[in-house]
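Everything below belongs to input-v9.cif, which stores mmCIF, C-alpha atoms and all ligand atoms.
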```
data_my_file
#
loop_
_atom_site.label_atom_id
_atom_site.label_comp_id
_atom_site.auth_asym_id
_atom_site.auth_seq_id
_atom_site.Cartn_x
_atom_site.Cartn_y
_atom_site.Cartn_z
CA MET A 1 121.03 -16.76 201.29
CA LYS A 2 120.01 -13.93 203.61
CA GLU A 3 116.82 -14.72 205.50
CA TYR A 4 114.06 -12.56 207.03
CA ASP A 5 110.98 -13.39 209.00
CA VAL A 6 108.85 -11.24 206.71
CA ILE A 7 109.40 -9.77 203.23
CA ILE A 8 106.86 -7.23 202.07
CA VAL A 9 106.20 -6.16 198.48
CA GLY A 10 104.95 -2.57 198.19
CA GLY A 11 105.90 0.69 199.87
CA GLY A 12 102.40 2.14 200.12
CA ILE A 13 100.63 2.68 203.43
CA HIS A 14 99.85 -1.04 203.85
CA GLY A 15 103.41 -2.21 203.19
CA ALA A 16 104.72 0.52 205.51
CA GLY A 17 102.25 -0.54 208.21
CA VAL A 18 103.17 -4.22 207.97
CA LEU A 19 106.88 -3.40 208.07
CA GLN A 20 106.33 -1.35 211.23
CA ALA A 21 104.06 -3.95 212.87
CA ALA A 22 106.51 -6.78 212.06
CA VAL A 23 109.56 -5.07 213.52
CA ALA A 24 107.56 -3.76 216.49
CA ALA A 25 106.63 -7.40 217.22
CA GLY A 26 110.35 -8.26 217.22
CA HIS A 27 110.64 -9.85 213.74
CA SER A 28 113.18 -9.11 211.02
CA ALA A 29 111.56 -7.56 207.97
CA LEU A 30 112.45 -6.24 204.50
CA LEU A 31 110.23 -4.06 202.33
CA ILE A 32 110.67 -4.05 198.54
CA GLU A 33 109.38 -1.03 196.59
CA LYS A 34 109.77 -0.68 192.82
CA GLY A 35 109.45 3.12 192.67
CA ALA A 36 109.35 5.53 195.61
CA LEU A 37 107.47 5.26 198.91
CA ALA A 38 103.78 6.11 198.40
CA SER A 39 104.25 6.40 194.63
CA GLY A 40 101.06 4.31 194.06
CA THR A 41 97.61 4.84 195.56
CA SER A 42 98.96 6.12 198.86
CA SER A 43 99.76 9.55 197.38
CA ARG A 44 96.58 9.77 195.29
CA SER A 45 93.83 9.40 197.89
CA SER A 46 91.42 12.05 199.21
CA LYS A 47 93.81 12.33 202.18
CA LEU A 48 91.14 11.82 204.80
CA ILE A 49 91.60 9.92 208.04
CA HIS A 50 87.92 9.45 208.58
CA GLY A 51 85.21 7.18 209.84
CA GLY A 52 83.54 7.33 206.44
CA LEU A 53 80.14 8.89 207.09
CA ARG A 54 78.71 7.56 203.84
CA TYR A 55 79.55 3.94 204.70
CA LEU A 56 76.71 4.14 207.22
CA GLU A 57 74.31 4.16 204.27
CA SER A 58 75.64 0.78 203.10
CA GLY A 59 75.50 -0.62 206.66
CA GLN A 60 79.31 -0.98 207.09
CA PHE A 61 79.08 -0.21 210.82
CA SER A 62 82.08 -2.22 211.99
CA LEU A 63 84.26 -0.52 209.35
CA VAL A 64 83.06 2.91 210.54
CA ARG A 65 83.65 2.02 214.20
CA GLU A 66 87.17 0.75 213.49
CA SER A 67 87.97 3.77 211.30
CA LEU A 68 86.81 6.22 213.97
CA ARG A 69 88.95 4.39 216.52
CA GLU A 70 91.93 4.65 214.15
CA ARG A 71 91.18 8.34 213.60
CA ALA A 72 91.46 8.87 217.36
CA VAL A 73 94.77 6.95 217.45
CA HIS A 74 96.16 9.11 214.58
CA LEU A 75 95.18 12.34 216.31
CA ARG A 76 97.15 11.14 219.34
CA ILE A 77 100.28 9.65 217.70
CA ALA A 78 100.57 11.81 214.56
CA PRO A 79 99.59 15.36 215.55
CA ASP A 80 102.09 16.77 212.96
CA LEU A 81 100.40 14.84 210.20
CA VAL A 82 96.71 14.41 210.99
CA GLU A 83 94.44 17.32 211.79
CA LEU A 84 90.77 17.44 212.77
CA LYS A 85 88.88 19.73 210.36
CA PRO A 86 85.30 21.00 210.17
CA PHE A 87 83.29 19.37 207.39
CA PHE A 88 80.31 21.22 205.93
CA ILE A 89 77.37 19.51 204.23
CA PRO A 90 75.20 22.10 202.50
CA VAL A 91 71.58 21.04 202.09
CA TYR A 92 69.66 22.78 199.28
CA ALA A 93 66.01 22.43 198.34
CA GLU A 94 67.05 19.76 195.78
CA THR A 95 69.66 17.91 197.91
CA ARG A 96 68.79 14.20 198.26
CA ARG A 97 69.83 13.74 201.89
CA ARG A 98 67.72 15.98 204.15
CA PRO A 99 69.05 17.64 207.37
CA TRP A 100 67.15 15.21 209.62
CA GLN A 101 68.64 12.21 207.79
CA LEU A 102 72.12 13.67 208.08
CA LYS A 103 71.63 14.33 211.78
CA ILE A 104 70.50 10.74 212.41
CA GLY A 105 73.59 9.56 210.52
CA LEU A 106 75.86 11.88 212.51
CA ALA A 107 74.30 10.76 215.81
CA LEU A 108 75.12 7.17 214.85
CA TYR A 109 78.62 8.31 213.79
CA ALA A 110 79.09 9.92 217.22
CA LEU A 111 77.86 6.74 218.92
CA LEU A 112 80.25 4.54 216.88
CA GLY A 113 83.03 7.02 217.71
CA GLY A 114 82.35 6.64 221.43
CA PHE A 115 81.20 10.30 221.69
CA ALA A 116 84.86 11.40 221.52
CA PRO A 117 85.42 15.18 221.26
CA GLY A 118 85.77 14.95 217.46
CA THR A 119 82.29 13.52 217.03
CA ARG A 120 80.29 16.66 217.88
CA PHE A 121 78.07 18.07 215.13
CA GLY A 122 75.39 20.68 214.53
CA SER A 123 74.11 23.28 212.06
CA VAL A 124 75.94 26.42 210.97
CA PRO A 125 73.64 29.36 211.87
CA LYS A 126 72.33 31.23 208.83
CA ARG A 127 74.06 34.44 209.96
CA ASP A 128 77.45 32.66 209.55
CA TRP A 129 76.84 31.33 206.02
CA GLY A 130 78.76 34.32 204.64
CA GLN A 131 81.95 32.89 206.18
CA LEU A 132 81.74 29.69 204.12
CA ASP A 133 84.26 30.53 201.37
CA GLY A 134 81.63 31.90 198.98
CA LEU A 135 79.41 28.81 199.06
CA GLN A 136 76.26 29.13 196.92
CA THR A 137 73.42 30.21 199.23
CA HIS A 138 70.56 30.29 196.69
CA ASN A 139 67.95 27.68 197.78
CA LEU A 140 70.18 26.71 200.72
CA ASP A 141 68.09 25.22 203.55
CA ALA A 142 70.80 24.27 206.07
CA VAL A 143 74.51 23.66 206.48
CA ILE A 144 75.45 20.74 208.70
CA ARG A 145 78.85 20.81 210.38
CA TYR A 146 80.74 17.83 211.76
CA TYR A 147 84.41 16.91 212.16
CA ASP A 148 86.78 14.46 210.49
CA ALA A 149 90.52 14.48 209.89
CA GLN A 150 92.80 15.37 206.98
CA THR A 151 96.37 14.21 206.39
CA ASP A 152 99.14 14.22 203.80
CA ASP A 153 98.94 10.58 202.68
CA ALA A 154 102.47 10.37 201.21
CA ALA A 155 104.04 12.08 204.24
CA LEU A 156 102.11 9.73 206.54
CA THR A 157 103.42 6.69 204.62
CA ARG A 158 107.00 7.98 204.83
CA ALA A 159 106.59 8.64 208.57
CA VAL A 160 105.41 5.04 209.17
CA VAL A 161 108.40 3.71 207.21
CA GLU A 162 110.74 5.95 209.21
CA SER A 163 109.26 4.61 212.43
CA ALA A 164 109.79 1.03 211.16
CA ARG A 165 113.36 1.83 210.14
CA SER A 166 114.12 3.15 213.62
CA LEU A 167 113.15 -0.30 214.95
CA GLY A 168 115.39 -2.15 212.47
CA GLY A 169 113.09 -2.48 209.42
CA GLU A 170 114.98 -2.71 206.12
CA ILE A 171 114.06 -1.23 202.73
CA ALA A 172 115.16 -2.22 199.22
CA MET A 173 114.24 0.68 196.87
CA PRO A 174 113.99 0.97 193.98
CA ALA A 175 113.69 -2.79 193.77
CA ALA A 176 111.11 -4.66 191.72
CA PHE A 177 109.66 -7.96 192.89
CA LEU A 178 110.08 -10.59 190.16
CA GLY A 179 108.69 -13.78 191.64
CA ALA A 180 108.63 -16.18 194.58
CA ASN A 181 109.04 -19.93 195.01
CA LEU A 182 107.21 -21.61 197.85
CA ALA A 183 109.10 -24.14 199.99
CA ALA A 184 107.83 -26.35 202.82
CA ASP A 185 108.50 -23.80 205.55
CA GLY A 186 108.88 -20.49 203.77
CA VAL A 187 109.43 -18.74 200.50
CA GLU A 188 112.31 -17.71 198.25
CA VAL A 189 111.77 -14.16 196.98
CA LEU A 190 113.41 -12.81 193.83
CA PHE A 191 113.73 -9.15 193.00
CA GLU A 192 115.73 -6.86 190.79
CA GLN A 193 117.79 -4.05 192.32
CA GLY A 194 120.36 -1.87 190.55
CA GLY A 195 120.40 -4.20 187.54
CA GLU A 196 121.11 -7.27 189.73
CA ARG A 197 118.85 -10.23 190.45
CA VAL A 198 118.66 -10.71 194.22
CA ALA A 199 117.29 -13.76 196.09
CA ARG A 200 116.23 -13.69 199.75
CA ARG A 201 114.41 -16.15 201.95
CA ALA A 202 111.47 -15.34 204.21
CA ARG A 203 109.12 -17.25 206.46
CA VAL A 204 106.28 -15.19 205.00
CA LEU A 205 105.85 -12.97 201.94
CA VAL A 206 103.30 -10.18 202.36
CA ASN A 207 101.84 -8.91 199.11
CA ALA A 208 100.96 -5.25 199.76
CA ALA A 209 101.23 -4.17 196.14
CA GLY A 210 97.86 -2.37 196.04
CA PRO A 211 96.48 -2.31 192.47
CA TRP A 212 99.46 -4.42 191.35
CA ALA A 213 98.69 -7.16 193.94
CA THR A 214 97.12 -9.58 191.46
CA ARG A 215 100.23 -9.31 189.27
CA VAL A 216 102.47 -10.02 192.27
CA ALA A 217 100.28 -12.98 193.34
CA ARG A 218 100.47 -14.47 189.81
CA ALA A 219 104.28 -14.50 190.03
CA VAL A 220 104.24 -17.00 192.92
CA THR A 221 105.13 -20.65 192.11
CA PRO A 222 103.34 -22.99 192.52
CA ALA A 223 100.25 -20.88 191.78
CA ILE A 224 98.25 -19.49 194.71
CA GLN A 225 94.68 -18.24 194.96
CA VAL A 226 94.16 -14.80 193.39
CA PRO A 227 90.93 -13.08 194.49
CA ASP A 228 88.53 -11.65 191.95
CA VAL A 229 88.88 -7.88 192.24
CA ASP A 230 88.08 -4.86 190.08
CA LEU A 231 90.13 -1.69 189.77
CA VAL A 232 88.18 1.56 189.96
CA GLN A 233 89.88 4.81 189.09
CA GLY A 234 89.41 7.92 191.25
CA THR A 235 90.59 11.31 189.99
CA HIS A 236 91.33 14.50 191.90
CA ILE A 237 92.06 17.98 190.57
CA VAL A 238 93.72 20.95 192.29
CA LEU A 239 92.38 24.43 191.47
CA PRO A 240 93.82 27.85 192.32
CA MET A 241 90.89 28.88 194.53
CA SER A 242 90.79 29.56 198.22
CA VAL A 243 88.82 27.30 200.52
CA THR A 244 90.01 27.80 204.06
CA GLY A 245 87.01 27.29 206.35
CA GLY A 246 86.98 23.52 206.18
CA ILE A 247 86.06 20.64 203.90
CA TYR A 248 82.85 20.80 201.85
CA TYR A 249 81.05 17.52 201.35
CA VAL A 250 78.65 18.01 198.46
CA GLU A 251 76.44 16.02 196.10
CA SER A 252 77.38 16.08 192.43
CA PRO A 253 74.55 17.85 190.57
CA ALA A 254 75.00 15.29 187.76
CA ASP A 255 74.43 12.05 189.67
CA GLY A 256 74.16 12.77 193.41
CA ARG A 257 77.54 11.15 194.25
CA ALA A 258 79.44 12.61 197.19
CA VAL A 259 82.40 14.83 196.28
CA PHE A 260 84.87 16.58 198.63
CA ILE A 261 86.14 20.14 198.12
CA MET A 262 89.13 20.61 200.44
CA PRO A 263 91.88 23.05 201.32
CA TRP A 264 95.19 21.60 200.11
CA LYS A 265 98.62 23.23 200.26
CA GLY A 266 97.32 26.77 199.65
CA ALA A 267 94.92 25.69 196.88
CA THR A 268 91.79 23.50 196.67
CA LEU A 269 91.60 19.76 196.07
CA ILE A 270 88.44 18.33 194.54
CA GLY A 271 87.61 14.64 194.25
CA THR A 272 86.77 12.05 193.47
CA THR A 273 85.35 10.08 190.56
CA GLU A 274 84.64 6.35 190.15
CA THR A 275 85.56 5.02 186.71
CA PRO A 276 86.06 1.28 186.04
CA TYR A 277 89.67 0.61 184.99
CA LYS A 278 90.97 -2.33 182.96
CA GLY A 279 94.49 -1.26 182.00
CA GLU A 280 97.94 -1.53 183.56
CA PRO A 281 98.03 0.15 187.02
CA ASP A 282 101.14 2.13 185.98
CA GLN A 283 99.22 3.77 183.13
CA VAL A 284 96.30 5.27 185.12
CA ARG A 285 95.72 8.95 184.27
CA PRO A 286 92.87 11.44 184.91
CA LEU A 287 90.39 11.44 182.00
CA PRO A 288 89.11 14.71 180.48
CA GLU A 289 85.50 13.73 181.31
CA GLU A 290 86.45 13.14 184.98
CA GLU A 291 88.03 16.60 185.15
CA GLU A 292 84.90 18.13 183.60
CA TYR A 293 82.72 16.26 186.11
CA LEU A 294 84.72 17.65 189.07
CA LEU A 295 84.82 21.16 187.60
CA ALA A 296 81.03 21.08 187.19
CA VAL A 297 80.67 20.24 190.89
CA VAL A 298 82.89 23.04 192.11
CA ARG A 299 81.39 25.61 189.70
CA HIS A 300 77.90 24.64 190.89
CA TYR A 301 78.65 25.23 194.58
CA PHE A 302 81.15 28.12 194.38
CA PRO A 303 79.84 30.78 191.96
CA ALA A 304 83.09 32.79 192.21
CA VAL A 305 84.87 30.09 190.16
CA ALA A 306 82.05 29.63 187.63
CA GLY A 307 84.45 30.68 184.84
CA MET A 308 87.14 28.07 185.60
CA THR A 309 87.95 25.50 182.93
CA ARG A 310 90.36 22.59 182.52
CA ALA A 311 93.04 25.13 181.63
CA ASP A 312 92.91 26.35 185.27
CA ILE A 313 93.72 22.92 186.73
CA ARG A 314 97.02 23.23 188.55
CA GLU A 315 97.52 19.57 189.36
CA ARG A 316 95.65 16.35 188.61
CA PHE A 317 96.11 12.78 189.75
CA ALA A 318 94.31 9.46 189.56
CA GLY A 319 94.53 6.47 191.90
CA LEU A 320 93.05 2.98 191.78
CA ARG A 321 90.72 1.47 194.34
CA VAL A 322 90.86 -2.32 194.65
CA LEU A 323 87.30 -3.52 195.22
CA PRO A 324 85.68 -6.97 195.33
CA ALA A 325 84.54 -7.86 191.80
CA ALA A 326 80.78 -7.25 191.50
CA SER A 327 78.21 -5.82 189.16
CA GLU A 328 76.99 -3.13 191.57
CA LYS A 329 78.29 0.45 191.44
CA ALA A 330 81.73 1.03 193.01
CA PHE A 331 80.14 3.46 195.47
CA ASP A 332 78.05 0.68 197.06
CA ARG A 333 80.76 -2.00 197.35
CA SER A 334 82.44 -3.02 200.59
CA ARG A 335 85.53 -1.05 201.59
CA GLU A 336 86.66 -3.77 204.01
CA THR A 337 90.21 -5.00 203.45
CA ILE A 338 90.41 -8.48 201.90
CA PHE A 339 93.16 -10.78 203.22
CA THR A 340 94.12 -14.00 201.41
CA THR A 341 96.61 -16.70 202.38
CA ASP A 342 98.10 -19.61 200.46
CA ARG A 343 97.35 -22.03 203.29
CA GLU A 344 96.17 -22.15 206.91
CA PRO A 345 97.18 -22.13 209.70
CA HIS A 346 100.80 -21.54 208.57
CA PRO A 347 100.69 -19.15 205.62
CA ARG A 348 103.75 -18.54 203.44
CA VAL A 349 102.05 -15.80 201.44
CA LEU A 350 99.51 -13.28 202.63
CA GLY A 351 97.83 -10.81 200.26
CA ILE A 352 96.20 -7.49 201.21
CA TYR A 353 93.58 -6.25 198.76
CA GLY A 354 91.69 -2.97 199.04
CA GLY A 355 91.22 -1.26 202.37
CA LYS A 356 91.59 2.33 203.53
CA LEU A 357 94.41 4.70 204.29
CA THR A 358 92.73 5.27 207.66
CA GLY A 359 92.82 1.57 208.54
CA TRP A 360 96.50 0.81 207.81
CA ARG A 361 97.44 0.15 211.45
CA ALA A 362 94.47 -2.12 212.11
CA ALA A 363 95.11 -3.94 208.81
CA ALA A 364 98.78 -4.46 209.75
CA ALA A 365 97.75 -5.84 213.16
CA GLN A 366 95.44 -8.31 211.40
CA VAL A 367 98.25 -9.35 209.06
CA LEU A 368 100.56 -10.03 212.01
CA ALA A 369 97.85 -12.04 213.75
CA ARG A 370 97.31 -14.17 210.61
CA ILE A 371 100.99 -14.81 209.87
CA GLY A 372 101.92 -15.19 213.56
CA PRO A 373 101.72 -19.04 213.50
CA SER A 374 104.36 -19.11 210.71
CA LEU A 375 106.82 -17.04 212.78
CA SER A 376 108.56 -17.87 216.01
CA ALA A 377 107.60 -15.67 218.97
CA LYS A 378 110.03 -12.81 219.70
CA PRO A 379 110.22 -10.20 222.46
CA ARG A 380 108.05 -7.24 221.41
CA ARG A 381 109.96 -3.99 220.75
CA ALA A 382 107.05 -1.52 220.71
CA ALA A 383 103.27 -1.08 220.44
CA THR A 384 102.20 0.59 217.20
CA ASP A 385 99.51 2.70 218.88
CA GLU A 386 102.23 4.35 220.93
CA LEU A 387 104.88 4.96 218.26
CA VAL A 388 104.80 8.68 217.49
CA LEU A 389 104.80 9.48 213.76
CA ARG A 390 106.63 12.63 212.68
CA ARG A 391 106.59 14.51 209.39
CA ALA A 392 110.05 14.11 207.84
CA PRO A 393 111.94 17.44 207.80
C1 LIG B 401 90.79 7.96 194.67
C2 LIG B 401 90.99 7.35 196.02
C3 LIG B 401 90.70 8.08 197.16
C4 LIG B 401 90.89 7.52 198.41
N1 LIG B 401 90.65 8.28 199.53
C5 LIG B 401 90.85 7.75 200.74
C6 LIG B 401 90.67 8.56 201.90
O1 LIG B 401 90.41 9.77 201.81
N2 LIG B 401 90.84 7.98 203.12
C7 LIG B 401 91.16 6.66 203.24
O2 LIG B 401 91.24 6.20 204.37
N3 LIG B 401 91.39 5.87 202.16
C8 LIG B 401 91.26 6.41 200.92
N4 LIG B 401 91.50 5.64 199.80
C9 LIG B 401 92.04 4.27 199.98
C10 LIG B 401 93.56 4.31 200.21
O3 LIG B 401 94.15 5.34 199.47
C11 LIG B 401 94.16 2.98 199.81
O4 LIG B 401 93.47 1.94 200.46
C12 LIG B 401 95.62 2.86 200.19
O5 LIG B 401 96.37 3.99 199.78
C13 LIG B 401 96.19 1.60 199.54
O6 LIG B 401 97.53 1.48 199.92
P1 LIG B 401 98.36 0.21 199.50
O7 LIG B 401 99.61 0.25 200.29
O8 LIG B 401 97.52 -1.01 199.59
O9 LIG B 401 98.65 0.40 197.92
P2 LIG B 401 99.62 1.43 197.17
O10 LIG B 401 99.74 2.72 197.87
O11 LIG B 401 99.18 1.44 195.75
O12 LIG B 401 101.05 0.72 197.29
C14 LIG B 401 101.43 -0.38 196.50
C15 LIG B 401 102.92 -0.21 196.22
O13 LIG B 401 103.40 -1.43 195.64
C16 LIG B 401 104.44 -1.09 194.77
N5 LIG B 401 104.65 -2.21 193.85
C17 LIG B 401 103.78 -2.68 192.92
N6 LIG B 401 104.34 -3.72 192.26
C18 LIG B 401 105.58 -3.91 192.77
C19 LIG B 401 106.65 -4.79 192.47
N7 LIG B 401 106.56 -5.73 191.49
N8 LIG B 401 107.80 -4.69 193.19
C20 LIG B 401 107.93 -3.76 194.17
N9 LIG B 401 106.94 -2.87 194.48
C21 LIG B 401 105.79 -2.94 193.78
C22 LIG B 401 103.92 0.17 194.07
O14 LIG B 401 104.96 0.92 193.49
C23 LIG B 401 103.23 0.90 195.22
O15 LIG B 401 104.06 1.87 195.83
C24 LIG B 401 91.35 6.19 198.53
C25 LIG B 401 91.67 5.45 197.38
C26 LIG B 401 91.51 6.03 196.13
C27 LIG B 401 91.88 5.26 194.91
#
```
Translate the structure of the given file into structure tokens.
Ligand SMILES: Cc1cc2nc3c(=O)[nH]c(=O)nc-3n(C[C@H](O)[C@H](O)[C@H](O)COP(=O)(O)OP(=O)(O)OC[C@H]3O[C@@H](n4cnc5c(N)ncnc54)[C@H](O)[C@@H]3O)c2cc1C
Amino acid sequence: MKEYDVIIVGGGIHGAGVLQAAVAAGHSALLIEKGALASGTSSRSSKLIHGGLRYLESGQFSLVRESLRERAVHLRIAPDLVELKPFFIPVYAETRRRPWQLKIGLALYALLGGFAPGTRFGSVPKRDWGQLDGLQTHNLDAVIRYYDAQTDDAALTRAVVESARSLGGEIAMPAAFLGANLAADGVEVLFEQGGERVARRARVLVNAAGPWATRVARAVTPAIQVPDVDLVQGTHIVLPMSVTGGIYYVESPADGRAVFIMPWKGATLIGTTETPYKGEPDQVRPLPEEEEYLLAVVRHYFPAVAGMTRADIRERFAGLRVLPAASEKAFDRSRETIFTTDREPHPRVLGIYGGKLTGWRAAAAQVLARIGPSLSAKPRRAATDELVLRRAP
């Protein structure tokens, strides 16, 4: 039976990152994807490579520091795919977060980002408010500007896979993982490809199946630990309106949640929502009430589109966040990636739950560090913070 050092289930950003990190470290690796690359969450995100300004409010400082470091790496290695953009936070008389609070937060953001060029911030002078894409100016007290980065999440995922392939990474696609049997020193992995059942051996199986990860973990024999996670749906809509100045970071008038209004492929992308989800990950779809919620936000801040309805929505998509199970609101829960292993210090299965698009490279490095003891040392082929990522033609 053909054998690999690492077999990865899932061709989202995490699976792509682990494939790249494994082959860069000199290991043989195979990635199994049941649909297309980035067909899950990794094409349905808000497409931001960002520190996550709002995570400061929940005290997730190390996550913000790591994310800002990763943002800087992306700007260096993926200039075709990741672009620094101005973000605007309008502050109205009724806005919950006041300008001074935002400026304290942004000063901390700049500090955690090592005062890199992309961490500068300030206020947009009142005389320039007319250049803000028709933003509502009634009761507007201030507009704070800072910088974060935008990407094309699916294109980024494909670029990481391409980089892994160039170092010898293999892909089976479409190929659906069926199950795995643990042995003393590795794992037998079964999948279905082109109507055939295929068996391969690996020293380690990495479960990077995103919202499907608990299903993949439950197909391992004998049974392994499956963490208690919740799925939370996030919907985006695309409207035929022009927002070109930058990304608007606004509070929903309904509940104060943060919503982004962003330029996207000649139109405008608005998101996101947070709706608990109990169904099959394959079945997730935007709900009418989520679309109405997002339309209400955009109509509130951009009077020129006050007449837009659900009939104007050009595109809609929903993705699933994987968050630690808890009773608190999704917004307040940790966004740190959760790693699980079947045993220490020589894991045969490692699971990745949750995490951020921004943090894929750091997450992959952590995976390699954790599974390292199960693999024999090989000569390194490349360093992932130096591999240039290019948009596929
Ligand atoms: C609404 C929303 C907005 C977000 N916005 C941002 C953002 O702006 N910035 C940011 O940094 N992060 C953001 N995130 C987080 C980020 O998108 C995710 O953390 C990331 O995309 C997860 O990638 P993944 O590889 O773990 O999962 P996925 O992309 O879901 O990949 C899992 C893959 O596994 C495959 N798979 C499943 N089962 C099997 C099987 N049996 N056999 C083979 N393959 C299988 C699936 O087809 C899928 O392609 C957002 C998340 C959501 C939900």
Completion exercise
The residue from A:Gly26, A:Gly256, A:Gly351, A:Gly52 with the smallest atom-to-atom distance to Ala208 of chain A, counting only C-alpha atoms, is A:Gly351
Exercise for the section: Can you tell me which residues come within 7 Å of ligand LIG 401 (chain B) when counting all atoms listed in the file, ideally as a PyMOL selection string? Expected result: chain A and resi 9-15+32-50+175-178+208-213+216+233-235+272+318-321+352-359
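Of the listed residues A:Asn139, A:Thr119, A:Thr151, A:Ser58, the one whose atoms come nearest to Ala78 of chain A is A:Thr151, with distances taken using all atoms listed in the file.
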Practice task
Go through A:Gln20, A:Ser374, A:Gln193, A:Gln136 and flag the residue nearest Pro347 of chain A, using only C-alpha atoms for the distances.
Solution key: A:Ser374
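Every residue within 9 Å of the file position (109.0, -3.9, 209.1), judged by all atoms listed in the file, is given as Val6, Ile7, Ile8, Gly15, Ala16, Gly17, Val18, Leu19, Gln20, Ala21, Ala22, Val23, Ala24, His27, Ser28, Ala29, Leu30, Leu31, Val161, Ala164, Arg165, Leu167, Gly168, Gly169, Glu170 and Ile171 of chain A.
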Would you output that residue set with C-alpha atoms, as an mmCIF file, keeping the file's coordinate frame?
```
data_model
loop_
_atom_site.group_PDB
_atom_site.id
_atom_site.type_symbol
_atom_site.label_atom_id
_atom_site.label_comp_id
_atom_site.auth_asym_id
_atom_site.auth_seq_id
_atom_site.Cartn_x
_atom_site.Cartn_y
_atom_site.Cartn_z
ATOM 1 C CA VAL A 6 108.850 -11.240 206.710
ATOM 2 C CA ILE A 7 109.400 -9.770 203.230
ATOM 3 C CA ILE A 8 106.860 -7.230 202.070
ATOM 4 C CA GLY A 15 103.410 -2.210 203.190
ATOM 5 C CA ALA A 16 104.720 0.520 205.510
ATOM 6 C CA GLY A 17 102.250 -0.540 208.210
ATOM 7 C CA VAL A 18 103.170 -4.220 207.970
ATOM 8 C CA LEU A 19 106.880 -3.400 208.070
ATOM 9 C CA GLN A 20 106.330 -1.350 211.230
ATOM 10 C CA ALA A 21 104.060 -3.950 212.870
ATOM 11 C CA ALA A 22 106.510 -6.780 212.060
ATOM 12 C CA VAL A 23 109.560 -5.070 213.520
ATOM 13 C CA ALA A 24 107.560 -3.760 216.490
ATOM 14 C CA HIS A 27 110.640 -9.850 213.740
ATOM 15 C CA SER A 28 113.180 -9.110 211.020
ATOM 16 C CA ALA A 29 111.560 -7.560 207.970
ATOM 17 C CA LEU A 30 112.450 -6.240 204.500
ATOM 18 C CA LEU A 31 110.230 -4.060 202.330
ATOM 19 C CA VAL A 161 108.400 3.710 207.210
ATOM 20 C CA ALA A 164 109.790 1.030 211.160
ATOM 21 C CA ARG A 165 113.360 1.830 210.140
ATOM 22 C CA LEU A 167 113.150 -0.300 214.950
ATOM 23 C CA GLY A 168 115.390 -2.150 212.470
ATOM 24 C CA GLY A 169 113.090 -2.480 209.420
ATOM 25 C CA GLU A 170 114.980 -2.710 206.120
ATOM 26 C CA ILE A 171 114.060 -1.230 202.730
#
```
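Atom CA of Arg200 of chain A is found 21.2 Å from atom CA of Ala377 of chain A.
Considering only C-alpha atoms, the residue among A:Lys103, A:Leu295, A:Asp342, A:Gly130 positioned nearest to Gly307 of chain A is A:Leu295.
Distances from A:Pro253, A:Pro324, A:Gly113, A:Pro373 to Glu344 of chain A were compared using only C-alpha atoms, and the smallest one belongs to A:Pro373.
Our summary of the geometry notes that atom CA of His138 of chain A is positioned 9.8 Å from atom CA of Tyr301 of chain A.
Checking A:Leu63, A:Ala172, A:Ile313, A:Ile261 one by one against Ser334 of chain A, counting only C-alpha atoms, you find the shortest gap at A:Leu63.
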Exercise for the section: Within 6 Å of segment 264-271 of chain A, counting only C-alpha atoms, which residues show up once you throw out same-chain ones fewer than 6 positions away? Write them as a PyMOL selection string, please. Expected result: chain A and resi 236-242
